[in-house]
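**Student:** Sharing a structure with you now.
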Amino acid sequence: MIRGTGEQVLKAIKQFKAQLPFKLLGLHPDNGAPVLNYLIKKYTDENEIEYTRSRPYHKDDNHLIEGKNNTNIRQVIGYSRLENKKELAIMIELFQAVADLKNYFTPSIKQTSKIRIGGHTQIQRKDIRTACQRLLDSEHTTTEEKEELLRRKKKLNPFLLSKKIDDCINLLFKTSQAKYLNSKVERETFKEQFSSCFLTT
């Protein structure tokens, strides 16, 4: 993946914050230098954003976020190394479409209870809704924020989003494949690493 500097990460945070339909209350990054620095600390202080970090060598501190790496990232673009500006431009378009499809049209199930009975833990999962619907149903979402969510959703088409995802993945595949043309082994390895449930031929 693209490795960024503190300035690049801060720019991305500002863009991300501007697109949120609700107020950004906090950031909880890992311990990488691009996201853990005084530049971002100053920005969060000025904008009243809580800024916390994971403990060193405690990867489970972010387990609820890291658990999304497979379904939201690896199943989309695989494990290949993507490291130039052309690939970055395609990924920006790709993950915007992925985010819109998942947030507005893909329902998810949430854990509603966790009860320990002797040596057994009983977990119940219900509440099947999309992320958009959860915000619309929340009492913490203002009327203006709900109207903005509905305006955004009306502009989106799930079928066109799915087609855009496929197009972006195939374009990213073709763009990156040029780096792996030295041998048949490298080509086959690349195809295997890049395969995903979205990729079409």
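Residues are named by chain letter and number: chains run A, B, ... in the order of the structure tokens, numbers start at 1 in each chain, and ligands are numbered from 1 in the order shown.
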Using 12 Å as the limit and counting only C-alpha atoms, can you tabulate each residue of region 10-65 of chain A that touches region 133-149 of chain A, with its shortest atom-to-atom distance in Å and the two atoms involved, as a tab-separated table?
**Tutor:**
```
residue	atom	partner	partner_atom	distance
A:Gln19	CA	A:Glu148	CA	10.6
A:Leu20	CA	A:Glu145	CA	9.4
A:Pro21	CA	A:Glu145	CA	5.6
A:Phe22	CA	A:Glu145	CA	6.3
A:Lys23	CA	A:Glu145	CA	9.3
```
**Student:** Export C-alpha atoms of the chosen residues as a PDB file, in the first residue's frame?
**Tutor:**
```pdb
ATOM      1  CA  GLN A  19     -17.271  14.077   3.885  1.00  0.00           C
ATOM      2  CA  LEU A  20     -18.681  12.735   7.146  1.00  0.00           C
ATOM      3  CA  PRO A  21     -22.426  13.308   7.618  1.00  0.00           C
ATOM      4  CA  PHE A  22     -21.802  13.751  11.355  1.00  0.00           C
ATOM      5  CA  LYS A  23     -19.258  15.379  13.647  1.00  0.00           C
TER       6      LYS A  23
END
```
**Student:** Using only C-alpha atoms, which protein or nucleic acid residues come within 12 Å of region 56-60 of chain A? Drop anything in the same chain fewer than 6 positions from it, and give the result as a CSV table (one decimal) with N, CA and C atoms, in the first residue's frame.
**Tutor:**
```
chain,number,residue,atom,x,y,z
A,29,PRO,N,-5.6,6.0,16.1
A,29,PRO,CA,-4.6,5.4,15.2
A,29,PRO,C,-3.7,4.3,15.9
A,30,ASP,N,-3.0,3.6,15.0
A,30,ASP,CA,-2.0,2.7,15.5
A,30,ASP,C,-0.7,3.6,15.8
A,31,ASN,N,0.4,2.9,15.9
A,31,ASN,CA,1.6,3.6,16.4
A,31,ASN,C,2.6,4.0,15.2
A,32,GLY,N,2.1,4.1,14.0
A,32,GLY,CA,2.9,4.5,12.9
A,32,GLY,C,3.2,5.9,12.9
A,66,GLU,N,-9.4,-3.6,13.0
A,66,GLU,CA,-8.6,-4.5,12.2
A,66,GLU,C,-9.4,-5.6,11.6
A,67,GLY,N,-10.5,-6.0,12.2
A,67,GLY,CA,-11.3,-7.1,11.7
A,67,GLY,C,-11.9,-6.7,10.4
```
**Student:** Leaving out region 12-15 of chain A and any residue of its chain fewer than 6 positions from it, which residues lie within 10 Å of it when counting only C-alpha atoms, given as an mmCIF file with N, CA and C atoms, in the first residue's frame?
**Tutor:**
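And here's around_31.cif as it stands now:
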```cif
data_model
loop_
_atom_site.group_PDB
_atom_site.id
_atom_site.type_symbol
_atom_site.label_atom_id
_atom_site.label_comp_id
_atom_site.auth_asym_id
_atom_site.auth_seq_id
_atom_site.Cartn_x
_atom_site.Cartn_y
_atom_site.Cartn_z
ATOM 1 N N GLY A 4 2.438 7.020 3.504
ATOM 2 C CA GLY A 4 2.297 8.459 3.480
ATOM 3 C C GLY A 4 3.121 9.138 4.549
ATOM 4 N N GLY A 6 3.284 12.531 7.392
ATOM 5 C CA GLY A 6 2.325 13.159 8.296
ATOM 6 C C GLY A 6 1.457 14.179 7.588
ATOM 7 N N LEU A 27 -10.124 10.215 17.059
ATOM 8 C CA LEU A 27 -9.239 9.413 16.208
ATOM 9 C C LEU A 27 -8.476 8.447 17.103
ATOM 10 N N VAL A 35 0.756 8.681 11.349
ATOM 11 C CA VAL A 35 -0.511 9.007 12.024
ATOM 12 C C VAL A 35 -0.322 9.396 13.483
ATOM 13 N N ILE A 40 -0.608 16.102 13.578
ATOM 14 C CA ILE A 40 -1.998 15.661 13.721
ATOM 15 C C ILE A 40 -2.510 15.948 15.128
ATOM 16 N N TYR A 43 -3.720 19.447 15.140
ATOM 17 C CA TYR A 43 -4.995 19.567 14.417
ATOM 18 C C TYR A 43 -6.162 19.067 15.272
#
```
**Student:** Return as an MDAnalysis selection string the full set of residues in chain A whose backbone-based DSSP assignment is strand (DSSP E).
**Tutor:** chainID A and resid 26:27 50:51 108:117 120:129
**Student:** Between A:Cys168, A:Ile73, A:Ala33, A:Leu24, which has the minimum distance to Ile49 (chain A) (counting only C-alpha atoms)?
**Tutor:** A:Leu24
**Student:** Just want the 10 Å neighbourhood of Ile90 (chain A), counted on only C-alpha atoms, with same-chain residues fewer than 5 positions away dropped. Output as a PyMOL selection string.
**Tutor:** chain A and resi 85+95+167-169+171-172+175
**Student:** Could you pull the residues within 12 Å of Ile128 (chain A), counting only C-alpha atoms, minus those fewer than 2 positions along the same chain, as a PyMOL selection string?
**Tutor:** chain A and resi 105-112+125-126+130-134
**Student:** Just the selected residues (N, CA and C atoms), exported as an mmCIF file, in the first residue's frame, please.
**Tutor:**
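New file selection.cif:
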```
data_model
loop_
_atom_site.group_PDB
_atom_site.id
_atom_site.type_symbol
_atom_site.label_atom_id
_atom_site.label_comp_id
_atom_site.auth_asym_id
_atom_site.auth_seq_id
_atom_site.Cartn_x
_atom_site.Cartn_y
_atom_site.Cartn_z
ATOM 1 N N PHE A 105 -26.025 0.569 1.242
ATOM 2 C CA PHE A 105 -26.840 -0.511 0.682
ATOM 3 C C PHE A 105 -26.538 -1.910 1.229
ATOM 4 N N THR A 106 -25.463 -2.062 2.009
ATOM 5 C CA THR A 106 -25.102 -3.395 2.501
ATOM 6 C C THR A 106 -25.420 -3.508 3.989
ATOM 7 N N PRO A 107 -26.426 -4.292 4.356
ATOM 8 C CA PRO A 107 -26.753 -4.436 5.781
ATOM 9 C C PRO A 107 -25.712 -5.260 6.513
ATOM 10 N N SER A 108 -25.539 -4.967 7.784
ATOM 11 C CA SER A 108 -24.627 -5.731 8.633
ATOM 12 C C SER A 108 -25.364 -6.117 9.907
ATOM 13 N N ILE A 109 -24.882 -7.175 10.544
ATOM 14 C CA ILE A 109 -25.503 -7.658 11.764
ATOM 15 C C ILE A 109 -24.609 -7.314 12.951
ATOM 16 N N LYS A 110 -25.199 -6.871 14.033
ATOM 17 C CA LYS A 110 -24.440 -6.431 15.195
ATOM 18 C C LYS A 110 -24.685 -7.353 16.392
ATOM 19 N N GLN A 111 -23.689 -7.419 17.246
ATOM 20 C CA GLN A 111 -23.828 -8.186 18.492
ATOM 21 C C GLN A 111 -24.718 -7.404 19.456
ATOM 22 N N THR A 112 -25.740 -8.064 19.967
ATOM 23 C CA THR A 112 -26.674 -7.401 20.882
ATOM 24 C C THR A 112 -26.470 -7.802 22.333
ATOM 25 N N ARG A 125 -26.697 -12.160 18.086
ATOM 26 C CA ARG A 125 -26.526 -11.124 17.061
ATOM 27 C C ARG A 125 -27.858 -10.880 16.365
ATOM 28 N N LYS A 126 -28.254 -9.625 16.361
ATOM 29 C CA LYS A 126 -29.503 -9.232 15.692
ATOM 30 C C LYS A 126 -29.252 -7.885 15.015
ATOM 31 N N THR A 130 -28.347 -1.273 7.540
ATOM 32 C CA THR A 130 -27.192 -0.651 6.906
ATOM 33 C C THR A 130 -26.642 0.430 7.839
ATOM 34 N N ALA A 131 -25.405 0.840 7.593
ATOM 35 C CA ALA A 131 -24.811 1.904 8.405
ATOM 36 C C ALA A 131 -25.622 3.186 8.279
ATOM 37 N N CYS A 132 -26.119 3.446 7.073
ATOM 38 C CA CYS A 132 -26.949 4.637 6.854
ATOM 39 C C CYS A 132 -28.220 4.571 7.693
ATOM 40 N N GLN A 133 -28.874 3.420 7.720
ATOM 41 C CA GLN A 133 -30.106 3.284 8.479
ATOM 42 C C GLN A 133 -29.868 3.438 9.972
ATOM 43 N N ARG A 134 -28.724 2.976 10.453
ATOM 44 C CA ARG A 134 -28.406 3.127 11.874
ATOM 45 C C ARG A 134 -28.297 4.602 12.247
#
```
**Student:** Looking at only C-alpha atoms, which of A:Val76, A:Leu160, A:Asn103, A:Ser113 is the one that sits closest to Met91 (chain A)?
**Tutor:**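 With only C-alpha atoms as the atom set, the closest residue is A:Val76.
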**Student:** Enumerate, as a count of residues only, the complete set of residues in region 25-153 of chain A that a backbone-based DSSP assignment places in helix (DSSP H, G or I).
**Tutor:** 66
